[in-house]
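Asker: Pasting work_6.pdb below, which is PDB, C-alpha atoms, pLDDT in the B column.
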```pdb
ATOM      1  CA  MET A1030     -42.998  26.680 -16.323  1.00 35.00           C
ATOM      2  CA  MET A1031     -41.687  23.487 -14.774  1.00 37.00           C
ATOM      3  CA  LEU A1032     -40.796  23.561 -11.079  1.00 35.00           C
ATOM      4  CA  ALA A1033     -39.495  20.035 -10.738  1.00 34.00           C
ATOM      5  CA  GLY A1034     -36.252  18.836  -9.292  1.00 34.00           C
ATOM      6  CA  LEU A1035     -36.297  20.748  -6.019  1.00 32.00           C
ATOM      7  CA  GLY A1036     -33.522  18.643  -4.505  1.00 35.00           C
ATOM      8  CA  LEU A1037     -30.219  20.519  -4.655  1.00 36.00           C
ATOM      9  CA  ALA A1038     -26.803  18.946  -4.986  1.00 39.00           C
ATOM     10  CA  GLY A1039     -23.713  20.404  -3.362  1.00 37.00           C
ATOM     11  CA  CYS A1040     -21.264  22.504  -5.344  1.00 41.00           C
ATOM     12  CA  GLY A1041     -17.821  21.468  -6.493  1.00 40.00           C
ATOM     13  CA  GLY A1042     -16.662  18.284  -8.182  1.00 44.00           C
ATOM     14  CA  GLY A1043     -19.194  15.542  -8.783  1.00 49.00           C
ATOM     15  CA  LYS A1044     -22.170  17.851  -8.636  1.00 61.00           C
ATOM     16  CA  ASP A1045     -25.368  16.279  -9.964  1.00 63.00           C
ATOM     17  CA  VAL A1046     -26.021  18.069 -13.259  1.00 68.00           C
ATOM     18  CA  SER A1047     -29.498  16.571 -13.721  1.00 81.00           C
ATOM     19  CA  LYS A1048     -31.141  18.884 -11.157  1.00 91.00           C
ATOM     20  CA  LEU A1049     -30.419  22.549 -11.758  1.00 97.00           C
ATOM     21  CA  VAL A1050     -31.208  25.764  -9.906  1.00 98.00           C
ATOM     22  CA  VAL A1051     -31.780  28.483 -12.490  1.00 98.00           C
ATOM     23  CA  GLY A1052     -31.318  32.141 -11.609  1.00 98.00           C
ATOM     24  CA  THR A1053     -33.132  34.876 -13.507  1.00 97.00           C
ATOM     25  CA  GLU A1054     -34.357  38.445 -13.166  1.00 94.00           C
ATOM     26  CA  ALA A1055     -37.998  38.131 -14.171  1.00 94.00           C
ATOM     27  CA  THR A1056     -38.691  41.733 -15.174  1.00 89.00           C
ATOM     28  CA  PHE A1057     -37.131  41.560 -18.637  1.00 89.00           C
ATOM     29  CA  PRO A1058     -39.991  40.859 -21.060  1.00 88.00           C
ATOM     30  CA  PRO A1059     -40.313  39.126 -23.416  1.00 91.00           C
ATOM     31  CA  PHE A1060     -37.365  37.025 -22.217  1.00 94.00           C
ATOM     32  CA  GLU A1061     -38.279  36.699 -18.531  1.00 94.00           C
ATOM     33  CA  LEU A1062     -41.353  37.988 -16.731  1.00 93.00           C
ATOM     34  CA  THR A1063     -43.868  36.919 -14.110  1.00 94.00           C
ATOM     35  CA  ASN A1064     -47.414  36.256 -15.297  1.00 94.00           C
ATOM     36  CA  ALA A1065     -50.663  36.797 -13.426  1.00 94.00           C
ATOM     37  CA  ALA A1066     -50.363  33.373 -11.801  1.00 95.00           C
ATOM     38  CA  GLY A1067     -46.938  34.242 -10.396  1.00 94.00           C
ATOM     39  CA  GLU A1068     -45.081  31.950 -12.803  1.00 95.00           C
ATOM     40  CA  ILE A1069     -41.822  32.922 -14.483  1.00 97.00           C
ATOM     41  CA  VAL A1070     -42.407  32.759 -18.228  1.00 96.00           C
ATOM     42  CA  GLY A1071     -40.941  34.104 -21.462  1.00 95.00           C
ATOM     43  CA  PHE A1072     -38.692  33.402 -24.430  1.00 96.00           C
ATOM     44  CA  ASP A1073     -35.720  32.278 -22.347  1.00 97.00           C
ATOM     45  CA  VAL A1074     -37.902  30.168 -20.079  1.00 98.00           C
ATOM     46  CA  ASP A1075     -39.459  28.270 -22.988  1.00 98.00           C
ATOM     47  CA  LEU A1076     -36.035  27.799 -24.540  1.00 98.00           C
ATOM     48  CA  ILE A1077     -34.216  26.492 -21.476  1.00 98.00           C
ATOM     49  CA  GLU A1078     -37.172  24.274 -20.503  1.00 98.00           C
ATOM     50  CA  ALA A1079     -36.992  22.693 -23.979  1.00 98.00           C
ATOM     51  CA  ILE A1080     -33.240  22.217 -23.579  1.00 98.00           C
ATOM     52  CA  ALA A1081     -33.800  20.670 -20.150  1.00 98.00           C
ATOM     53  CA  ALA A1082     -36.380  18.257 -21.531  1.00 97.00           C
ATOM     54  CA  ASP A1083     -34.019  17.311 -24.368  1.00 98.00           C
ATOM     55  CA  GLN A1084     -31.202  16.544 -21.924  1.00 97.00           C
ATOM     56  CA  GLY A1085     -33.250  14.929 -19.147  1.00 97.00           C
ATOM     57  CA  LEU A1086     -32.756  17.818 -16.717  1.00 97.00           C
ATOM     58  CA  THR A1087     -35.134  19.246 -14.134  1.00 97.00           C
ATOM     59  CA  LEU A1088     -35.181  22.909 -13.140  1.00 97.00           C
ATOM     60  CA  GLU A1089     -35.954  25.043 -10.117  1.00 96.00           C
ATOM     61  CA  TRP A1090     -36.290  28.764 -10.796  1.00 97.00           C
ATOM     62  CA  ARG A1091     -35.073  31.576  -8.556  1.00 97.00           C
ATOM     63  CA  ASN A1092     -35.970  35.203  -9.215  1.00 96.00           C
ATOM     64  CA  MET A1093     -33.183  37.576  -8.153  1.00 96.00           C
ATOM     65  CA  GLU A1094     -31.581  40.909  -8.964  1.00 93.00           C
ATOM     66  CA  PHE A1095     -29.844  40.909 -12.336  1.00 92.00           C
ATOM     67  CA  ASP A1096     -26.522  42.154 -11.010  1.00 91.00           C
ATOM     68  CA  SER A1097     -26.374  39.305  -8.461  1.00 96.00           C
ATOM     69  CA  LEU A1098     -26.541  36.491 -11.017  1.00 97.00           C
ATOM     70  CA  ILE A1099     -22.827  36.114 -11.712  1.00 96.00           C
ATOM     71  CA  ALA A1100     -21.959  36.150  -8.011  1.00 97.00           C
ATOM     72  CA  ALA A1101     -24.658  33.518  -7.405  1.00 98.00           C
ATOM     73  CA  LEU A1102     -23.072  31.298 -10.077  1.00 97.00           C
ATOM     74  CA  GLN A1103     -19.615  31.736  -8.617  1.00 97.00           C
ATOM     75  CA  SER A1104     -20.795  30.918  -5.093  1.00 97.00           C
ATOM     76  CA  GLY A1105     -22.749  27.845  -6.221  1.00 96.00           C
ATOM     77  CA  ASN A1106     -26.118  29.253  -5.134  1.00 97.00           C
ATOM     78  CA  ILE A1107     -27.407  28.707  -8.669  1.00 98.00           C
ATOM     79  CA  ASP A1108     -26.285  26.354 -11.430  1.00 98.00           C
ATOM     80  CA  LEU A1109     -27.390  28.302 -14.470  1.00 98.00           C
ATOM     81  CA  ALA A1110     -28.092  31.979 -15.251  1.00 98.00           C
ATOM     82  CA  VAL A1111     -30.900  32.472 -17.762  1.00 98.00           C
ATOM     83  CA  SER A1112     -31.667  36.159 -18.011  1.00 95.00           C
ATOM     84  CA  GLY A1113     -31.027  37.744 -21.386  1.00 92.00           C
ATOM     85  CA  LEU A1114     -27.295  37.726 -20.656  1.00 93.00           C
ATOM     86  CA  SER A1115     -25.151  39.337 -23.316  1.00 91.00           C
ATOM     87  CA  ILE A1116     -21.890  37.501 -23.925  1.00 94.00           C
ATOM     88  CA  THR A1117     -19.057  39.917 -23.172  1.00 91.00           C
ATOM     89  CA  GLU A1118     -15.348  39.476 -22.631  1.00 92.00           C
ATOM     90  CA  ALA A1119     -15.636  40.955 -19.136  1.00 92.00           C
ATOM     91  CA  ARG A1120     -18.251  38.361 -18.197  1.00 94.00           C
ATOM     92  CA  ARG A1121     -16.233  35.574 -19.819  1.00 95.00           C
ATOM     93  CA  GLN A1122     -13.546  36.267 -17.242  1.00 96.00           C
ATOM     94  CA  GLN A1123     -16.039  35.373 -14.498  1.00 97.00           C
ATOM     95  CA  VAL A1124     -18.309  32.653 -15.909  1.00 98.00           C
ATOM     96  CA  ALA A1125     -18.570  30.225 -18.834  1.00 98.00           C
ATOM     97  CA  PHE A1126     -21.097  30.900 -21.589  1.00 98.00           C
ATOM     98  CA  THR A1127     -22.970  28.531 -23.838  1.00 98.00           C
ATOM     99  CA  GLU A1128     -23.042  29.033 -27.563  1.00 97.00           C
ATOM    100  CA  PRO A1129     -25.105  32.138 -28.427  1.00 96.00           C
ATOM    101  CA  TYR A1130     -28.787  31.624 -29.072  1.00 96.00           C
ATOM    102  CA  LEU A1131     -29.936  35.085 -30.198  1.00 94.00           C
ATOM    103  CA  GLU A1132     -28.341  38.148 -31.742  1.00 88.00           C
ATOM    104  CA  ALA A1133     -29.192  41.371 -29.959  1.00 87.00           C
ATOM    105  CA  GLY A1134     -27.879  44.920 -29.746  1.00 91.00           C
ATOM    106  CA  LEU A1135     -28.078  48.116 -27.720  1.00 95.00           C
ATOM    107  CA  VAL A1136     -30.339  51.007 -28.678  1.00 96.00           C
ATOM    108  CA  ILE A1137     -31.482  54.337 -27.272  1.00 97.00           C
ATOM    109  CA  ALA A1138     -35.110  54.839 -26.219  1.00 96.00           C
ATOM    110  CA  VAL A1139     -36.673  58.205 -25.392  1.00 97.00           C
ATOM    111  CA  ALA A1140     -40.149  59.409 -24.501  1.00 95.00           C
ATOM    112  CA  ALA A1141     -42.376  59.364 -27.571  1.00 93.00           C
ATOM    113  CA  GLY A1142     -42.795  63.134 -27.564  1.00 92.00           C
ATOM    114  CA  ASN A1143     -39.075  63.830 -27.289  1.00 94.00           C
ATOM    115  CA  THR A1144     -37.836  64.905 -30.718  1.00 93.00           C
ATOM    116  CA  SER A1145     -34.640  66.595 -29.525  1.00 94.00           C
ATOM    117  CA  ILE A1146     -32.699  63.338 -29.035  1.00 96.00           C
ATOM    118  CA  THR A1147     -31.732  61.823 -32.370  1.00 95.00           C
ATOM    119  CA  GLY A1148     -28.542  59.981 -31.406  1.00 95.00           C
ATOM    120  CA  VAL A1149     -25.666  59.641 -28.979  1.00 96.00           C
ATOM    121  CA  ASP A1150     -24.388  63.127 -29.797  1.00 95.00           C
ATOM    122  CA  ASP A1151     -27.533  64.624 -28.262  1.00 97.00           C
ATOM    123  CA  LEU A1152     -26.924  63.016 -24.848  1.00 97.00           C
ATOM    124  CA  ALA A1153     -24.056  65.296 -23.792  1.00 96.00           C
ATOM    125  CA  GLY A1154     -24.940  66.927 -20.475  1.00 97.00           C
ATOM    126  CA  LYS A1155     -28.127  64.857 -20.216  1.00 97.00           C
ATOM    127  CA  VAL A1156     -29.329  62.270 -17.673  1.00 98.00           C
ATOM    128  CA  VAL A1157     -29.540  58.714 -19.041  1.00 98.00           C
ATOM    129  CA  ALA A1158     -31.234  55.714 -17.385  1.00 97.00           C
ATOM    130  CA  VAL A1159     -29.712  52.222 -17.395  1.00 96.00           C
ATOM    131  CA  GLN A1160     -30.293  48.842 -15.781  1.00 92.00           C
ATOM    132  CA  GLN A1161     -27.763  48.039 -13.075  1.00 91.00           C
ATOM    133  CA  GLY A1162     -25.255  45.414 -14.232  1.00 88.00           C
ATOM    134  CA  ALA A1163     -26.520  45.267 -17.832  1.00 90.00           C
ATOM    135  CA  THR A1164     -24.443  45.781 -20.959  1.00 92.00           C
ATOM    136  CA  GLY A1165     -26.376  48.984 -21.601  1.00 94.00           C
ATOM    137  CA  ALA A1166     -25.002  50.321 -18.326  1.00 95.00           C
ATOM    138  CA  ALA A1167     -21.454  49.336 -19.286  1.00 94.00           C
ATOM    139  CA  LEU A1168     -21.696  51.133 -22.628  1.00 96.00           C
ATOM    140  CA  ALA A1169     -23.314  54.168 -21.003  1.00 97.00           C
ATOM    141  CA  GLU A1170     -20.447  54.344 -18.503  1.00 97.00           C
ATOM    142  CA  GLU A1171     -17.954  54.372 -21.379  1.00 96.00           C
ATOM    143  CA  LEU A1172     -19.907  57.150 -23.085  1.00 97.00           C
ATOM    144  CA  LYS A1173     -20.067  59.136 -19.861  1.00 97.00           C
ATOM    145  CA  ALA A1174     -16.306  58.778 -19.360  1.00 97.00           C
ATOM    146  CA  ALA A1175     -15.845  60.116 -22.895  1.00 97.00           C
ATOM    147  CA  GLY A1176     -18.006  63.144 -22.081  1.00 97.00           C
ATOM    148  CA  LYS A1177     -20.876  62.038 -24.304  1.00 97.00           C
ATOM    149  CA  ILE A1178     -23.380  61.617 -21.427  1.00 97.00           C
ATOM    150  CA  GLY A1179     -23.948  63.986 -18.520  1.00 97.00           C
ATOM    151  CA  SER A1180     -24.924  61.545 -15.757  1.00 97.00           C
ATOM    152  CA  LEU A1181     -26.424  58.112 -15.243  1.00 98.00           C
ATOM    153  CA  LYS A1182     -29.310  56.816 -13.163  1.00 97.00           C
ATOM    154  CA  TYR A1183     -29.245  53.119 -12.297  1.00 97.00           C
ATOM    155  CA  PHE A1184     -32.381  51.012 -11.888  1.00 95.00           C
ATOM    156  CA  PRO A1185     -32.968  47.354 -10.951  1.00 90.00           C
ATOM    157  CA  ASN A1186     -35.038  46.628 -14.056  1.00 87.00           C
ATOM    158  CA  VAL A1187     -36.085  48.068 -17.381  1.00 86.00           C
ATOM    159  CA  SER A1188     -39.685  48.878 -16.435  1.00 87.00           C
ATOM    160  CA  VAL A1189     -38.736  51.327 -13.683  1.00 93.00           C
ATOM    161  CA  ALA A1190     -36.062  52.845 -15.928  1.00 93.00           C
ATOM    162  CA  MET A1191     -38.729  53.459 -18.582  1.00 92.00           C
ATOM    163  CA  LEU A1192     -40.939  55.115 -15.974  1.00 92.00           C
ATOM    164  CA  GLU A1193     -38.089  57.477 -15.161  1.00 95.00           C
ATOM    165  CA  ILE A1194     -38.069  58.561 -18.796  1.00 94.00           C
ATOM    166  CA  ALA A1195     -41.837  59.041 -18.803  1.00 90.00           C
ATOM    167  CA  ASN A1196     -41.609  61.105 -15.612  1.00 92.00           C
ATOM    168  CA  GLY A1197     -38.850  63.309 -17.000  1.00 94.00           C
ATOM    169  CA  GLY A1198     -36.148  62.162 -14.604  1.00 96.00           C
ATOM    170  CA  ALA A1199     -34.006  60.956 -17.506  1.00 97.00           C
ATOM    171  CA  VAL A1200     -34.059  61.793 -21.200  1.00 97.00           C
ATOM    172  CA  ALA A1201     -33.113  58.371 -22.529  1.00 97.00           C
ATOM    173  CA  LEU A1202     -32.530  54.708 -21.781  1.00 97.00           C
ATOM    174  CA  ILE A1203     -29.725  52.625 -23.279  1.00 97.00           C
ATOM    175  CA  ASN A1204     -30.935  49.035 -23.349  1.00 93.00           C
ATOM    176  CA  ASP A1205     -31.145  45.775 -25.295  1.00 91.00           C
ATOM    177  CA  ARG A1206     -33.045  46.159 -28.562  1.00 89.00           C
ATOM    178  CA  PRO A1207     -35.450  43.166 -28.330  1.00 88.00           C
ATOM    179  CA  VAL A1208     -36.614  44.079 -24.834  1.00 87.00           C
ATOM    180  CA  THR A1209     -36.979  47.757 -25.709  1.00 90.00           C
ATOM    181  CA  GLU A1210     -38.986  46.897 -28.810  1.00 87.00           C
ATOM    182  CA  ALA A1211     -41.275  44.619 -26.802  1.00 85.00           C
ATOM    183  CA  TYR A1212     -41.858  47.360 -24.218  1.00 86.00           C
ATOM    184  CA  ALA A1213     -42.674  49.876 -26.947  1.00 87.00           C
ATOM    185  CA  ALA A1214     -45.072  47.466 -28.682  1.00 84.00           C
ATOM    186  CA  GLN A1215     -46.961  46.803 -25.448  1.00 83.00           C
ATOM    187  CA  ARG A1216     -47.276  50.532 -24.675  1.00 86.00           C
ATOM    188  CA  PRO A1217     -48.034  52.299 -27.957  1.00 87.00           C
ATOM    189  CA  GLY A1218     -47.114  55.966 -27.873  1.00 89.00           C
ATOM    190  CA  ALA A1219     -45.014  55.692 -24.724  1.00 90.00           C
ATOM    191  CA  VAL A1220     -41.481  55.550 -26.108  1.00 92.00           C
ATOM    192  CA  ARG A1221     -39.592  56.085 -29.327  1.00 94.00           C
ATOM    193  CA  ILE A1222     -36.617  53.899 -30.269  1.00 94.00           C
ATOM    194  CA  LEU A1223     -33.812  55.496 -32.233  1.00 96.00           C
ATOM    195  CA  PRO A1224     -32.884  53.451 -35.323  1.00 93.00           C
ATOM    196  CA  ALA A1225     -29.121  53.172 -34.797  1.00 93.00           C
ATOM    197  CA  VAL A1226     -27.771  50.071 -33.043  1.00 93.00           C
ATOM    198  CA  LEU A1227     -25.035  51.296 -30.717  1.00 95.00           C
ATOM    199  CA  GLN A1228     -23.406  47.926 -30.114  1.00 90.00           C
ATOM    200  CA  SER A1229     -24.058  44.438 -31.431  1.00 88.00           C
ATOM    201  CA  ASP A1230     -23.990  41.469 -29.073  1.00 87.00           C
ATOM    202  CA  ALA A1231     -25.466  38.024 -28.545  1.00 92.00           C
ATOM    203  CA  TYR A1232     -27.288  36.311 -25.694  1.00 95.00           C
ATOM    204  CA  GLY A1233     -26.079  33.136 -24.032  1.00 97.00           C
ATOM    205  CA  PHE A1234     -26.748  31.107 -20.887  1.00 98.00           C
ATOM    206  CA  ALA A1235     -24.062  31.144 -18.205  1.00 98.00           C
ATOM    207  CA  VAL A1236     -22.652  28.506 -15.857  1.00 98.00           C
ATOM    208  CA  ALA A1237     -19.840  28.637 -13.336  1.00 97.00           C
ATOM    209  CA  LYS A1238     -16.330  28.062 -14.607  1.00 96.00           C
ATOM    210  CA  GLY A1239     -15.108  24.531 -13.949  1.00 94.00           C
ATOM    211  CA  ARG A1240     -18.403  22.829 -14.856  1.00 96.00           C
ATOM    212  CA  PRO A1241     -17.660  21.475 -18.345  1.00 96.00           C
ATOM    213  CA  GLU A1242     -20.185  18.617 -18.118  1.00 95.00           C
ATOM    214  CA  LEU A1243     -23.050  21.015 -17.452  1.00 96.00           C
ATOM    215  CA  LEU A1244     -21.897  23.398 -20.176  1.00 97.00           C
ATOM    216  CA  ALA A1245     -21.692  20.497 -22.638  1.00 97.00           C
ATOM    217  CA  LYS A1246     -25.216  19.339 -21.773  1.00 97.00           C
ATOM    218  CA  ILE A1247     -26.733  22.788 -22.255  1.00 98.00           C
ATOM    219  CA  ASN A1248     -24.873  23.291 -25.528  1.00 98.00           C
ATOM    220  CA  ALA A1249     -25.974  19.872 -26.798  1.00 98.00           C
ATOM    221  CA  GLY A1250     -29.593  20.591 -25.948  1.00 98.00           C
ATOM    222  CA  LEU A1251     -29.376  24.047 -27.484  1.00 98.00           C
ATOM    223  CA  ALA A1252     -28.039  22.594 -30.720  1.00 98.00           C
ATOM    224  CA  ASN A1253     -30.874  20.060 -30.818  1.00 98.00           C
ATOM    225  CA  VAL A1254     -33.708  22.534 -30.229  1.00 98.00           C
ATOM    226  CA  LYS A1255     -32.160  24.975 -32.704  1.00 97.00           C
ATOM    227  CA  ALA A1256     -32.101  22.233 -35.323  1.00 98.00           C
ATOM    228  CA  ALA A1257     -35.766  21.525 -34.593  1.00 98.00           C
ATOM    229  CA  GLY A1258     -36.656  25.166 -35.376  1.00 97.00           C
ATOM    230  CA  LEU A1259     -37.548  26.221 -31.828  1.00 97.00           C
ATOM    231  CA  ILE A1260     -35.764  29.595 -31.982  1.00 95.00           C
ATOM    232  CA  GLU A1261     -37.862  30.672 -34.953  1.00 94.00           C
ATOM    233  CA  LYS A1262     -41.047  29.530 -33.215  1.00 96.00           C
ATOM    234  CA  LEU A1263     -40.186  31.488 -30.097  1.00 95.00           C
ATOM    235  CA  GLU A1264     -39.372  34.587 -32.134  1.00 90.00           C
ATOM    236  CA  ALA A1265     -42.802  34.351 -33.749  1.00 89.00           C
ATOM    237  CA  LYS A1266     -44.463  33.816 -30.376  1.00 90.00           C
ATOM    238  CA  TYR A1267     -42.736  36.549 -28.401  1.00 88.00           C
ATOM    239  CA  PHE A1268     -41.512  39.135 -30.872  1.00 81.00           C
ATOM    240  CA  ALA A1269     -44.007  39.284 -33.736  1.00 63.00           C
ATOM    241  CA  ALA A1270     -46.826  40.432 -31.476  1.00 48.00           C
ATOM    242  CA  ALA A1271     -44.629  41.471 -28.540  1.00 46.00           C
ATOM    243  CA  ALA A1272     -46.751  39.043 -26.543  1.00 38.00           C
ATOM    244  CA  THR A1273     -46.919  39.036 -22.758  1.00 38.00           C
ATOM    245  CA  PRO A1274     -47.962  35.514 -21.663  1.00 36.00           C
TER
END
```
For the file at hand, write its structure as structure tokens.
Answerer:
Amino acid sequence: MMLAGLGLAGCGGGKDVSKLVVGTEATFPPFELTNAAGEIVGFDVDLIEAIAADQGLTLEWRNMEFDSLIAALQSGNIDLAVSGLSITEARRQQVAFTEPYLEAGLVIAVAAGNTSITGVDDLAGKVVAVQQGATGAALAEELKAAGKIGSLKYFPNVSVAMLEIANGGAVALINDRPVTEAYAAQRPGAVRILPAVLQSDAYGFAVAKGRPELLAKINAGLANVKAAGLIEKLEAKYFAAAATP
């Protein structure tokens, strides 16, 4: 991870787009996580660092709660949110998204020994875990309102939500498919992922509205690294073996 460009420019018009503060929630492997050396690493980190290098940008990383990222963009405390952010219409009302870089989707995970949950219809009256502020939480809230889920438990990150399932405090987690698959691969026999994709979506990076120059730079860099085959290389690195750097 590169920790250059520590000088921060003020927000508003004329902001220096060459030195960016990047906000992330680094407990979302394989996209963002903290390694043994205390560095923020992962799929998204490699991708945005490559984009930054392509566009002559320097980055400073800030680890924060996932559900504070959009507010931090709006207040100017960060320039860019890089945290496995699904592109949704609700979020588009608050921030500007880059072009998508990865297709994802929401799935249900249960404890490996739980054979009674086979789909959404089995969650009625049950407790379901979700990550606060994530698209899985939004979908779960819709399902709860429709009477398809009993109650929800909110957690700051996926790892503690998974522990709640293991401890019996919740029967299932609704979460992003790639992250759930990586968790399952790293902990064989811990969880079982149901095959149905509940909702398709795509990941993008987010910037504050009113920063078209920055958005254009990130999109240009993304197009260049995509054309160079970086997405496929990162998929092989992080997904094939569910690697934890």
Asker: So, counting all atoms listed in the file, which residue among A:Ser1112, A:Thr1147, A:Gln1122, A:Ser1188 is closest to Ala1211 (chain A)?
Answerer: A:Ser1188
Asker: Assuming the chain letters and numbering stay as they are in my file, what does the PyMOL selection byres ((chain A and resi 1131-1137) around 9) actually select? List them as a PyMOL selection string.
Answerer: chain A and resi 1115+1129-1130+1138-1139+1148-1149+1164-1165+1168+1201-1207+1209+1221-1233+1260
Asker: Rank A:Val1254, A:Val1187, A:Ala1175, A:Leu1243 by their smallest atom-to-atom distance to Val1159 (chain A), using only C-alpha atoms, and report the top residue only.
Answerer: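 The closest residue to Val1159 (chain A) is A:Val1187.
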Asker: Would you write out, as a PyMOL selection string, every residue that the PyMOL selection byres ((chain A and resi 1075) around 10) captures in this file?
Answerer: chain A and resi 1030-1031+1060-1061+1069-1074+1076-1081+1259-1260+1263
Asker: Between CA of Gln1084 (chain A) and CA of Ile1247 (chain A), what distance in Å does the model show, to one decimal?
Answerer: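 These two atoms are separated by 7.7 Å.
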Asker: To one decimal in Å, tell me the separation between CA of Glu1128 (chain A) and CA of Ala1214 (chain A).
Answerer: 28.7 Å
Asker: Work out how far CA of Val1156 (chain A) is from CA of Glu1170 (chain A), in Å to one decimal.
Answerer: 11.9 Å
Asker: Just add N, CA and C atoms to region 1141-1159 of chain A and send it as a short mmCIF file (atom, residue, chain, number, x, y, z; two decimals), in the frame of the given file.
Answerer:
```cif
data_model
loop_
_atom_site.label_atom_id
_atom_site.label_comp_id
_atom_site.auth_asym_id
_atom_site.auth_seq_id
_atom_site.Cartn_x
_atom_site.Cartn_y
_atom_site.Cartn_z
N ALA A 1141 -41.85 59.25 -26.21
CA ALA A 1141 -42.38 59.36 -27.57
C ALA A 1141 -42.42 60.80 -28.06
N GLY A 1142 -42.70 61.73 -27.17
CA GLY A 1142 -42.80 63.13 -27.56
C GLY A 1142 -41.47 63.87 -27.62
N ASN A 1143 -40.39 63.20 -27.30
CA ASN A 1143 -39.08 63.83 -27.29
C ASN A 1143 -38.47 63.75 -28.69
N THR A 1144 -38.41 64.88 -29.37
CA THR A 1144 -37.84 64.90 -30.72
C THR A 1144 -36.44 65.52 -30.74
N SER A 1145 -35.94 65.93 -29.57
CA SER A 1145 -34.64 66.60 -29.52
C SER A 1145 -33.47 65.61 -29.49
N ILE A 1146 -33.75 64.35 -29.09
CA ILE A 1146 -32.70 63.34 -29.04
C ILE A 1146 -32.78 62.49 -30.29
N THR A 1147 -31.75 62.59 -31.12
CA THR A 1147 -31.73 61.82 -32.37
C THR A 1147 -30.58 60.83 -32.42
N GLY A 1148 -29.67 60.89 -31.44
CA GLY A 1148 -28.54 59.98 -31.41
C GLY A 1148 -27.67 60.24 -30.20
N VAL A 1149 -26.58 59.52 -30.12
CA VAL A 1149 -25.67 59.64 -28.98
C VAL A 1149 -25.17 61.07 -28.80
N ASP A 1150 -24.94 61.78 -29.89
CA ASP A 1150 -24.39 63.13 -29.80
C ASP A 1150 -25.30 64.10 -29.08
N ASP A 1151 -26.58 63.74 -28.95
CA ASP A 1151 -27.53 64.62 -28.26
C ASP A 1151 -27.63 64.34 -26.77
N LEU A 1152 -26.84 63.39 -26.26
CA LEU A 1152 -26.92 63.02 -24.85
C LEU A 1152 -25.92 63.76 -23.98
N ALA A 1153 -25.05 64.56 -24.57
CA ALA A 1153 -24.06 65.30 -23.79
C ALA A 1153 -24.75 66.22 -22.80
N GLY A 1154 -24.35 66.11 -21.52
CA GLY A 1154 -24.94 66.93 -20.48
C GLY A 1154 -26.30 66.46 -20.00
N LYS A 1155 -26.80 65.35 -20.55
CA LYS A 1155 -28.13 64.86 -20.22
C LYS A 1155 -28.05 63.69 -19.23
N VAL A 1156 -29.20 63.40 -18.60
CA VAL A 1156 -29.33 62.27 -17.67
C VAL A 1156 -29.85 61.06 -18.45
N VAL A 1157 -29.17 59.94 -18.32
CA VAL A 1157 -29.54 58.71 -19.04
C VAL A 1157 -29.80 57.60 -18.03
N ALA A 1158 -30.87 56.84 -18.25
CA ALA A 1158 -31.23 55.71 -17.39
C ALA A 1158 -30.64 54.42 -17.93
N VAL A 1159 -30.24 53.53 -17.02
CA VAL A 1159 -29.71 52.22 -17.40
C VAL A 1159 -30.13 51.19 -16.35
#
```
